[in-house]
Amino acid sequence: MTKIKSLIFDLDGTLINTAPDLMNALNFVLKENNLKEIESKYIGNLVGFGALNMIKKGFSFYGKFPNECELIGHTKKFLYYYEKNSSKYSYLYPGVKKTLFILSKRNIILNVCTNKNQFLANKVLKELKIKNYFKIILGSSNSLKLKPDTEMISFIMKKLRLHKNETIMVGDSINDIHPAKVLSIRSFFVTYGFGENFESNTKTKITRFNQILKHIN
């Protein structure tokens, strides 16, 4: 069996429970538009495709469909609020920091691949004191298609000259597992995150973050 050299992690719902702050930012925008707050239990239906899509889904929850110009304005307000409060209530999932430390000591190259805005991904990881564990932190940009497209994961693999057998993708949704499958790389599905559990022959299920260690030599 080929030795694993690198892990690529999703961020929201995998490393960090960002739901409280994401929902607060969304509800800030909704309340400004005379709509009720959405409960945090619906987070899985709202996240995964970037801020604009979260806003779009938030409004559609109430049967509202803002035009493109309105969506841009709402998204700017969302990002402004979230930037100021991005780690106010967010927290690392149990075992994350210790596991990252152990993996780094094993010389595993650790990376983050997230549909979250690049600046905000860096900010949250820094504020929760795990940013320095990662070689590459790749957030959303205009140059690469968001997951579940394969472009972001492929970019990391090419940058680090990784073979598909040397890499594992770790995430909490089909947005993470599907591109890994297309690229023929292994994937770990964390069951505690935001995404719905789904059947796939290509994933290992992880119920606690530190279980990753028993799968990595």
# chains A, B, ... in the order shown; residues from 1 in each chain; ligands from 1

$ residues_around --residues "Ala25 (chain A)" --least-positions-apart "4" --cutoff "10 Å" --atoms "only C-alpha atoms" --output "list in words"
Ala19, Pro20, Asp21, Val29, Leu30, Ile55, Thr75, Lys77, Phe78, Leu79, Tyr80, Tyr81, Tyr82, Glu83, Lys84, Asn85 and Ser86 of chain A

$ select_by_dssp --residues "region 1-175 of chain A" --states "helix (DSSP H, G or I)" --output "VMD selection string"
chain A and resid 19 to 32 40 to 45 51 to 60 68 to 84 96 to 105 118 to 127 131 to 133 151 to 159 164 to 166 174 to 175

$ closest_residue --among "A:Met54, A:Ile109, A:Ile168, A:Leu35" --to "Thr204 (chain A)" --atoms "only C-alpha atoms"
A:Ile168

$ closest_residue --among "A:Ala180, A:Val170, A:Leu144, A:Ala51" --to "Asn117 (chain A)" --atoms "only C-alpha atoms"
A:Ala51

$ closest_residue --among "A:Ile216, A:Leu15, A:Ile43, A:Leu7" --to "Lys129 (chain A)" --atoms "only C-alpha atoms"
A:Leu15

$ closest_residue --among "A:His163, A:Lys97, A:Lys145, A:Arg208" --to "Lys131 (chain A)" --atoms "only C-alpha atoms"
A:Lys97

$ select_by_dssp --residues "region 1-216 of chain A" --states "strand (DSSP E)" --output "ChimeraX atom specification"
/A:6-9,16-17,91-92,109-117,136-140,167-171,186-190,203-206

$ closest_residue --among "A:Leu71, A:Leu162, A:Lys205, A:Asn33" --to "Ile4 (chain A)" --atoms "only C-alpha atoms"
A:Leu162

$ atom_distance --atom1 "CA of Ala121 (chain A)" --atom2 "CA of Ser143 (chain A)"
16.6 Å

$ closest_residue --among "A:Ile153, A:Ser184, A:Pro179, A:Asn107" --to "Lys3 (chain A)" --atoms "only C-alpha atoms"
A:Asn107

$ atom_distance --atom1 "CA of Phe188 (chain A)" --atom2 "CA of Leu100 (chain A)"
15.2 Å

$ residues_around --residues "Lys203 (chain A)" --least-positions-apart "5" --cutoff "9 Å" --atoms "only C-alpha atoms" --output "ChimeraX atom specification"
/A:177,181,186-189

$ residues_around --residues "Lys36 (chain A)" --least-positions-apart "3" --cutoff "12 Å" --atoms "only C-alpha atoms" --output "PDB file with C-alpha atoms, in the first residue's frame"
ATOM      1  CA  ASN A  24     -25.818  34.686  12.928  1.00  0.00           C
ATOM      2  CA  LEU A  26     -27.270  35.036   7.642  1.00  0.00           C
ATOM      3  CA  ASN A  27     -29.936  35.920  10.191  1.00  0.00           C
ATOM      4  CA  PHE A  28     -28.519  39.443  10.455  1.00  0.00           C
ATOM      5  CA  VAL A  29     -29.260  39.929   6.745  1.00  0.00           C
ATOM      6  CA  LEU A  30     -32.658  38.234   6.942  1.00  0.00           C
ATOM      7  CA  LYS A  31     -33.780  40.369   9.885  1.00  0.00           C
ATOM      8  CA  GLU A  32     -32.740  43.506   8.000  1.00  0.00           C
ATOM      9  CA  ASN A  33     -35.210  42.389   5.351  1.00  0.00           C
ATOM     10  CA  GLU A  39     -32.754  27.809  13.155  1.00  0.00           C
ATOM     11  CA  GLY A  58     -31.691  31.718   3.053  1.00  0.00           C
ATOM     12  CA  PHE A  59     -34.135  33.930   1.164  1.00  0.00           C
ATOM     13  CA  PHE A  61     -36.351  29.368   2.609  1.00  0.00           C
ATOM     14  CA  TYR A  62     -39.114  31.992   2.846  1.00  0.00           C
TER      15      TYR A  62
END

$ residues_around --residues "Asn45 (chain A)" --least-positions-apart "3" --cutoff "9 Å" --atoms "only C-alpha atoms" --output "PDB file with C-alpha atoms, in the first residue's frame"
ATOM      1  CA  LYS A  41     -30.513  22.878  12.546  1.00  0.00           C
ATOM      2  CA  TYR A  42     -30.966  23.850   8.885  1.00  0.00           C
ATOM      3  CA  GLY A  48     -21.346  24.428   0.967  1.00  0.00           C
ATOM      4  CA  MET A  54     -26.029  30.726   1.285  1.00  0.00           C
ATOM      5  CA  LYS A  57     -30.900  29.686  -0.054  1.00  0.00           C
ATOM      6  CA  PHE A 194     -23.115  19.721   8.413  1.00  0.00           C
ATOM      7  CA  GLY A 195     -23.634  17.449   5.427  1.00  0.00           C
ATOM      8  CA  GLU A 196     -26.210  14.709   5.193  1.00  0.00           C
TER       9      GLU A 196
END

$ residues_around --residues "Val182 (chain A)" --least-positions-apart "5" --cutoff "12 Å" --atoms "only C-alpha atoms" --output "list in words"
Lys147, Pro148, Asp149, Thr150, Glu151, Ile153, Ser154, Lys164, Met169, Ile174, Asn175, Asp176, Ile177, Ser187 and Thr202 of chain A

$ residues_around --residues "Lys105 (chain A)" --least-positions-apart "6" --cutoff "12 Å" --atoms "only C-alpha atoms" --output "list of chain:residue names"
A:Lys98, A:Thr99, A:Tyr133, A:Leu213, A:Asn217
